[in-house]
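One structure is given here, and the rest of the page talks about it.
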Amino acid sequence: MQEILQKKTGRIEVIDVIRGFTLLGIALVHFPEQYYAGMMPQRLAESMNHGIADKIVSVFVGIFISGKFFMIFSFLFGLSFFLQLDKSDGSVKFVARFMWRLIVLFMIGMVHQLHYRGDILTIYAILGFGLLIAFRLPDRALLILALLLVFNVPSIIARAIDVIQPAAGPSFFNPDQNALDAYYNTVKSGTYLSILKANYHEMKGKFDFQVESGRIYITMGLFLLGLYAGKKNIFRDITFFRKLIRYALWTILGSVLLFVGILGGVELAGIKVPQSVQWLVGGAIQDVFNACLAAIYVALILTLFQKDKWKDRLMVFYSVGRMGLTTYLMQALAGVLIFFSIGFDLLGEVGAAISALIGAGIFILQILFSNYWLQHFQYGPVEWLWRSLTYFKLQPFRKSKVIESRVMA
């Protein structure tokens, strides 16, 4: 069997390919929502979905992309932690350096947060400390904990409690309309400094959403699942991923049938179901659906990567995935400049379909840029900065003539 963990300049190719594919999905979520990242005022939501093409794009993104690709990105973060751990001895020195690495990531994330309130780097940096504890857990305990979090069991319990004793006051899912209008007016017509200030204050709202939706638990669970996959060397077992596709498809079918059955039964019975109960049942089914579809995407890439023709096609994602942090931040920079008042101010002026096309175009440009960049440099620019700050030393940046000639050969 062809080895799945093929390497290119010391890196695992398929992991960078999956990361690059994931960044395409992230772009196709964020651009149609015009980098708004949060509950929208009704007027903005309507302006972005006023045509049939916009509605088709929104439905497609909602079913097949939204909520899936952040899961893959999070899984890869946990797997990357294991790869770093595997190269070290797990000593105090490694733990201290990884902690500092997370602190640097948090600082990079804070700069990102000030420009885009949907930043995930600060969340990753905080949750990453959990990996330093979890990697010492027995494999069985690690897997059980990971699955409980991935399937959002803490949120299911919290939602069940909310059914019995509903919380009062505004929340992410019951927002203050005045606050929604204020944020929209800021990014639509505010100054650069007012946008920075608004996004700083949105930090709390971001974490409230993470907790209320359960994404913070799911993300931690995926970190742990990536760590477990690395420890058990699952990426070498192609038969496992073929079985995973089949099991995930059956689970998705069961989730859809269960949802349709419950919805149909309630409609026929004429029962008025409280919103809290809808969120409890519907949210749990959606979490399972998202996790299974994300698993299918990863498994498909891994299995297709074994075929020479498909490997050549999928390698288009390699460079952009290798520069994953730079790619992610460049997408946000482009989105803010295109849609916010400090740039072209297209927020609400174009629909989801055109926005998706813009996102796809930006991603194609990123592929071209990353291919060119990595021909001349060893790391993406932000990756180089992150690495240099981690080691308190400027890292080699440009490729030497010797390295370039070996790559060309």
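Scheme for the structure tokens: letters A, B, ... for chains in order shown; per-chain residue numbers from 1; ligand numbers from 1 in order shown.
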
Shell around Ser319 of chain A at 9 Å using only C-alpha atoms, local window under 6 positions removed, as a list in words:
Asp16, Val17, Gly20, Ile367, Leu368, Ser370, Asn371, Trp373 and Leu374 of chain A

Please save N, CA and C atoms of the selected residues as a short mmCIF file (atom, residue, chain, number, x, y, z; two decimals), in the first residue's frame.
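File produced: selection.cif:
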data_model
loop_
_atom_site.label_atom_id
_atom_site.label_comp_id
_atom_site.auth_asym_id
_atom_site.auth_seq_id
_atom_site.Cartn_x
_atom_site.Cartn_y
_atom_site.Cartn_z
N ASP A 16 -1.10 19.17 5.09
CA ASP A 16 -1.14 20.52 4.51
C ASP A 16 -2.21 20.61 3.43
N VAL A 17 -2.42 19.53 2.69
CA VAL A 17 -3.47 19.51 1.67
C VAL A 17 -4.85 19.65 2.32
N GLY A 20 -5.27 23.19 3.52
CA GLY A 20 -5.57 24.09 2.41
C GLY A 20 -7.00 23.96 1.94
N ILE A 367 -3.68 30.87 -3.68
CA ILE A 367 -2.94 29.70 -4.16
C ILE A 367 -1.74 30.15 -4.99
N LEU A 368 -1.97 31.08 -5.90
CA LEU A 368 -0.89 31.58 -6.75
C LEU A 368 0.19 32.26 -5.90
N SER A 370 0.87 31.79 -2.63
CA SER A 370 1.59 30.85 -1.77
C SER A 370 2.56 30.00 -2.57
N ASN A 371 2.18 29.62 -3.79
CA ASN A 371 3.11 28.86 -4.64
C ASN A 371 4.36 29.69 -4.93
N TRP A 373 5.46 32.34 -3.18
CA TRP A 373 6.16 32.67 -1.95
C TRP A 373 7.06 31.52 -1.49
N LEU A 374 6.53 30.30 -1.50
CA LEU A 374 7.28 29.17 -0.98
C LEU A 374 8.37 28.69 -1.93
#

Please provide as a PDB file with N, CA and C atoms, in the first residue's frame all residues within 8 Å of segment 350-363 of chain A, with the sequence filter that same-chain residues fewer than 3 positions apart are discarded (counting only C-alpha atoms).
ATOM      1  N   LEU A  24     -10.275  26.805   2.024  1.00  0.00           N
ATOM      2  CA  LEU A  24     -11.251  27.115   0.976  1.00  0.00           C
ATOM      3  C   LEU A  24     -12.651  27.138   1.572  1.00  0.00           C
ATOM      4  N   ALA A  27     -13.219  30.241   3.634  1.00  0.00           N
ATOM      5  CA  ALA A  27     -13.479  31.411   2.777  1.00  0.00           C
ATOM      6  C   ALA A  27     -14.913  31.407   2.269  1.00  0.00           C
ATOM      7  N   LEU A  28     -15.420  30.223   1.924  1.00  0.00           N
ATOM      8  CA  LEU A  28     -16.774  30.126   1.369  1.00  0.00           C
ATOM      9  C   LEU A  28     -17.854  30.270   2.436  1.00  0.00           C
ATOM     10  N   PHE A  31     -16.985  34.792   3.348  1.00  0.00           N
ATOM     11  CA  PHE A  31     -17.275  35.800   2.327  1.00  0.00           C
ATOM     12  C   PHE A  31     -18.774  35.947   2.056  1.00  0.00           C
ATOM     13  N   PRO A  32     -19.556  34.868   1.927  1.00  0.00           N
ATOM     14  CA  PRO A  32     -20.996  35.063   1.758  1.00  0.00           C
ATOM     15  C   PRO A  32     -21.652  35.797   2.932  1.00  0.00           C
ATOM     16  N   GLU A  33     -21.094  35.643   4.135  1.00  0.00           N
ATOM     17  CA  GLU A  33     -21.640  36.412   5.270  1.00  0.00           C
ATOM     18  C   GLU A  33     -20.950  37.772   5.387  1.00  0.00           C
ATOM     19  N   GLN A  34     -20.077  38.064   4.412  1.00  0.00           N
ATOM     20  CA  GLN A  34     -19.429  39.369   4.266  1.00  0.00           C
ATOM     21  C   GLN A  34     -18.627  39.776   5.506  1.00  0.00           C
ATOM     22  N   SER A  47     -30.818  42.050   2.646  1.00  0.00           N
ATOM     23  CA  SER A  47     -30.088  42.602   1.506  1.00  0.00           C
ATOM     24  C   SER A  47     -29.083  41.612   0.942  1.00  0.00           C
ATOM     25  N   MET A  48     -28.637  40.657   1.752  1.00  0.00           N
ATOM     26  CA  MET A  48     -27.658  39.670   1.298  1.00  0.00           C
ATOM     27  C   MET A  48     -28.308  38.447   0.663  1.00  0.00           C
ATOM     28  N   ASN A  49     -29.619  38.316   0.795  1.00  0.00           N
ATOM     29  CA  ASN A  49     -30.325  37.150   0.256  1.00  0.00           C
ATOM     30  C   ASN A  49     -31.618  37.569  -0.432  1.00  0.00           C
ATOM     31  N   HIS A  50     -31.485  38.471  -1.402  1.00  0.00           N
ATOM     32  CA  HIS A  50     -32.683  38.983  -2.058  1.00  0.00           C
ATOM     33  C   HIS A  50     -32.964  38.313  -3.408  1.00  0.00           C
ATOM     34  N   GLY A  51     -32.027  37.536  -3.937  1.00  0.00           N
ATOM     35  CA  GLY A  51     -32.226  36.874  -5.223  1.00  0.00           C
ATOM     36  C   GLY A  51     -32.174  35.368  -5.078  1.00  0.00           C
ATOM     37  N   ALA A  53     -30.262  33.261  -6.656  1.00  0.00           N
ATOM     38  CA  ALA A  53     -28.872  32.798  -6.588  1.00  0.00           C
ATOM     39  C   ALA A  53     -28.323  32.952  -5.175  1.00  0.00           C
ATOM     40  N   ASP A  54     -28.669  34.073  -4.526  1.00  0.00           N
ATOM     41  CA  ASP A  54     -28.210  34.297  -3.152  1.00  0.00           C
ATOM     42  C   ASP A  54     -28.777  33.232  -2.215  1.00  0.00           C
ATOM     43  N   LYS A  55     -30.049  32.906  -2.404  1.00  0.00           N
ATOM     44  CA  LYS A  55     -30.681  31.911  -1.530  1.00  0.00           C
ATOM     45  C   LYS A  55     -30.094  30.518  -1.752  1.00  0.00           C
ATOM     46  N   VAL A  57     -27.019  29.835  -2.773  1.00  0.00           N
ATOM     47  CA  VAL A  57     -25.690  29.844  -2.157  1.00  0.00           C
ATOM     48  C   VAL A  57     -25.798  29.732  -0.639  1.00  0.00           C
ATOM     49  N   SER A  58     -26.710  30.470  -0.040  1.00  0.00           N
ATOM     50  CA  SER A  58     -26.868  30.450   1.415  1.00  0.00           C
ATOM     51  C   SER A  58     -27.268  29.070   1.921  1.00  0.00           C
ATOM     52  N   GLN A 331      -7.206  36.262   4.280  1.00  0.00           N
ATOM     53  CA  GLN A 331      -8.623  36.225   3.921  1.00  0.00           C
ATOM     54  C   GLN A 331      -9.396  37.273   4.710  1.00  0.00           C
ATOM     55  N   ALA A 334      -8.590  40.775   3.425  1.00  0.00           N
ATOM     56  CA  ALA A 334      -9.304  41.040   2.179  1.00  0.00           C
ATOM     57  C   ALA A 334     -10.786  41.284   2.448  1.00  0.00           C
ATOM     58  N   LEU A 346     -18.725  47.347   0.734  1.00  0.00           N
ATOM     59  CA  LEU A 346     -19.727  46.566   0.001  1.00  0.00           C
ATOM     60  C   LEU A 346     -20.676  45.792   0.922  1.00  0.00           C
ATOM     61  N   LEU A 347     -20.575  45.996   2.228  1.00  0.00           N
ATOM     62  CA  LEU A 347     -21.447  45.297   3.159  1.00  0.00           C
ATOM     63  C   LEU A 347     -22.913  45.605   2.856  1.00  0.00           C
ATOM     64  N   GLN A 366      -4.728  33.445  -3.588  1.00  0.00           N
ATOM     65  CA  GLN A 366      -3.899  32.972  -2.479  1.00  0.00           C
ATOM     66  C   GLN A 366      -3.089  31.742  -2.873  1.00  0.00           C
ATOM     67  N   ILE A 367      -3.683  30.869  -3.678  1.00  0.00           N
ATOM     68  CA  ILE A 367      -2.943  29.698  -4.163  1.00  0.00           C
ATOM     69  C   ILE A 367      -1.742  30.146  -4.989  1.00  0.00           C
TER      70      ILE A 367
END

- Task: Return as a VMD selection string the full set of residues in segment 71-276 of chain A whose backbone-based DSSP assignment is alpha helix (DSSP H).
- Result: chain A and resid 71 to 87 92 to 115 121 to 134 139 to 150 153 to 164 177 to 189 192 to 213 215 to 231 238 to 269 275 to 276

Discussion item. Neighbouring residues of Pro41 of chain A were defined as those with any atom within 8 Å, considering only C-alpha atoms; residues of the same chain fewer than 4 positions away were excluded. Please report them as a PyMOL selection string.
Written reply: chain A and resi 45+177+180-181+184

Could those selected residues go to a file with N, CA and C atoms, as a PDB file, in the first residue's frame?
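Okay, this is what ended up in out.pdb:
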ATOM      1  N   ALA A  45     -29.513  41.083   6.665  1.00  0.00           N
ATOM      2  CA  ALA A  45     -29.760  39.698   6.250  1.00  0.00           C
ATOM      3  C   ALA A  45     -30.589  39.648   4.975  1.00  0.00           C
ATOM      4  N   GLN A 177     -31.483  44.277  20.137  1.00  0.00           N
ATOM      5  CA  GLN A 177     -31.575  44.802  18.776  1.00  0.00           C
ATOM      6  C   GLN A 177     -30.837  46.126  18.620  1.00  0.00           C
ATOM      7  N   LEU A 180     -27.280  45.320  17.992  1.00  0.00           N
ATOM      8  CA  LEU A 180     -27.079  44.835  16.622  1.00  0.00           C
ATOM      9  C   LEU A 180     -26.982  46.005  15.649  1.00  0.00           C
ATOM     10  N   ASP A 181     -27.886  46.957  15.787  1.00  0.00           N
ATOM     11  CA  ASP A 181     -27.878  48.130  14.897  1.00  0.00           C
ATOM     12  C   ASP A 181     -26.619  48.968  15.095  1.00  0.00           C
ATOM     13  N   TYR A 184     -23.645  47.264  13.367  1.00  0.00           N
ATOM     14  CA  TYR A 184     -23.792  47.377  11.911  1.00  0.00           C
ATOM     15  C   TYR A 184     -23.422  48.791  11.447  1.00  0.00           C
TER      16      TYR A 184
END

Exercise. Which residues come within 9 Å of segment 99-112 of chain A, counting only C-alpha atoms, excluding same-chain residues fewer than 4 positions away, as a list in words?
Worked result: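 Returned residues: Phe94, Val95, Tyr116, Arg117, Gly118, Asp119, Ile120, Leu121, Thr122, Ile123, Tyr124, Ala125, Ile126, Gly128, Phe129, Leu132, Tyr200, Leu329, Ala332, Leu333, Val382, Trp386, Arg387, Leu389, Thr390 and Tyr391 of chain A.
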
Leaving out Phe340 of chain A and any residue of its chain fewer than 4 positions from it, which residues lie within 10 Å of it when counting only C-alpha atoms, given as a tab-separated table (two decimals) with C-alpha atoms, in the first residue's frame?
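As a result, out-v1.tsv now contains:
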chain	number	residue	atom	x	y	z
A	34	GLN	CA	-19.43	39.37	4.27
A	35	TYR	CA	-17.12	38.99	7.25
A	36	TYR	CA	-19.85	40.12	9.59
A	115	HIS	CA	-10.21	44.00	12.85
A	184	TYR	CA	-23.79	47.38	11.91
A	186	THR	CA	-20.03	51.10	12.99
A	187	VAL	CA	-18.67	48.68	10.38
A	188	LYS	CA	-20.83	50.18	7.64
A	189	SER	CA	-19.94	53.83	8.14
A	190	GLY	CA	-17.56	54.14	11.10
A	191	THR	CA	-13.93	55.18	11.21
A	192	TYR	CA	-11.01	52.78	11.51
A	195	ILE	CA	-14.21	49.64	14.25
A	335	GLY	CA	-12.81	40.61	3.60
A	336	VAL	CA	-12.57	43.64	5.89
A	344	PHE	CA	-14.82	49.36	-0.55
A	345	ASP	CA	-17.85	49.37	1.81
A	346	LEU	CA	-19.73	46.57	0.00
A	347	LEU	CA	-21.45	45.30	3.16
A	348	GLY	CA	-25.09	44.73	2.22

- What does the distance between atom CA of Asn233 of chain A and atom CA of Arg322 of chain A come to in Å, to one decimal place?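 Computing the Euclidean distance for atom CA of Asn233 of chain A and atom CA of Arg322 of chain A yields 20.9 Å.
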
Residues near Lys68 of chain A, cut-off 12 Å, only C-alpha atoms, skip fewer than 5 positions along chain, as a ChimeraX atom specification: /A:21-26,28-29,61-63,73-75,150,215,218-219,222,286-298

Those residues with C-alpha atoms, as a PDB file, in the first residue's frame please?
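Printed below is out18.pdb as written:
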ATOM      1  CA  PHE A  21      -8.900  22.487   1.475  1.00  0.00           C
ATOM      2  CA  THR A  22     -10.266  23.586   4.844  1.00  0.00           C
ATOM      3  CA  LEU A  23      -9.226  27.183   4.193  1.00  0.00           C
ATOM      4  CA  LEU A  24     -11.251  27.115   0.976  1.00  0.00           C
ATOM      5  CA  GLY A  25     -14.278  26.085   3.011  1.00  0.00           C
ATOM      6  CA  ILE A  26     -13.609  28.816   5.567  1.00  0.00           C
ATOM      7  CA  LEU A  28     -16.774  30.126   1.369  1.00  0.00           C
ATOM      8  CA  VAL A  29     -18.391  30.629   4.771  1.00  0.00           C
ATOM      9  CA  VAL A  61     -23.203  26.881   2.431  1.00  0.00           C
ATOM     10  CA  GLY A  62     -25.492  26.233   5.391  1.00  0.00           C
ATOM     11  CA  ILE A  63     -25.866  22.520   4.631  1.00  0.00           C
ATOM     12  CA  PHE A  73      -9.222  23.127  11.199  1.00  0.00           C
ATOM     13  CA  SER A  74      -9.513  22.400  14.930  1.00  0.00           C
ATOM     14  CA  PHE A  75      -8.773  18.699  14.459  1.00  0.00           C
ATOM     15  CA  VAL A 150     -17.168  16.763  19.857  1.00  0.00           C
ATOM     16  CA  ARG A 215     -18.446  25.542  19.844  1.00  0.00           C
ATOM     17  CA  ILE A 218     -16.547  21.038  20.185  1.00  0.00           C
ATOM     18  CA  THR A 219     -13.266  22.800  19.392  1.00  0.00           C
ATOM     19  CA  LEU A 222     -11.505  18.169  18.134  1.00  0.00           C
ATOM     20  CA  GLN A 286     -27.051  19.502  13.819  1.00  0.00           C
ATOM     21  CA  ASP A 287     -23.886  18.883  15.858  1.00  0.00           C
ATOM     22  CA  VAL A 288     -23.917  15.198  14.888  1.00  0.00           C
ATOM     23  CA  PHE A 289     -24.573  16.061  11.236  1.00  0.00           C
ATOM     24  CA  ASN A 290     -21.715  18.584  11.129  1.00  0.00           C
ATOM     25  CA  ALA A 291     -19.233  16.227  12.789  1.00  0.00           C
ATOM     26  CA  CYS A 292     -20.081  13.362  10.444  1.00  0.00           C
ATOM     27  CA  LEU A 293     -19.857  15.482   7.292  1.00  0.00           C
ATOM     28  CA  ALA A 294     -16.516  16.939   8.417  1.00  0.00           C
ATOM     29  CA  ALA A 295     -15.241  13.385   8.999  1.00  0.00           C
ATOM     30  CA  ILE A 296     -16.366  12.398   5.493  1.00  0.00           C
ATOM     31  CA  TYR A 297     -14.476  15.306   3.926  1.00  0.00           C
ATOM     32  CA  VAL A 298     -11.253  14.338   5.705  1.00  0.00           C
TER      33      VAL A 298
END

Using only C-alpha atoms, the shortest atom-to-atom distance to Ala134 of chain A among A:Gly221, A:Ile65, A:Ile164, A:Asp176 belongs to A:Gly221

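The gap separating atom CA of Ile285 of chain A from atom CA of Val163 of chain A is 16.8 Å, in Å to one decimal.
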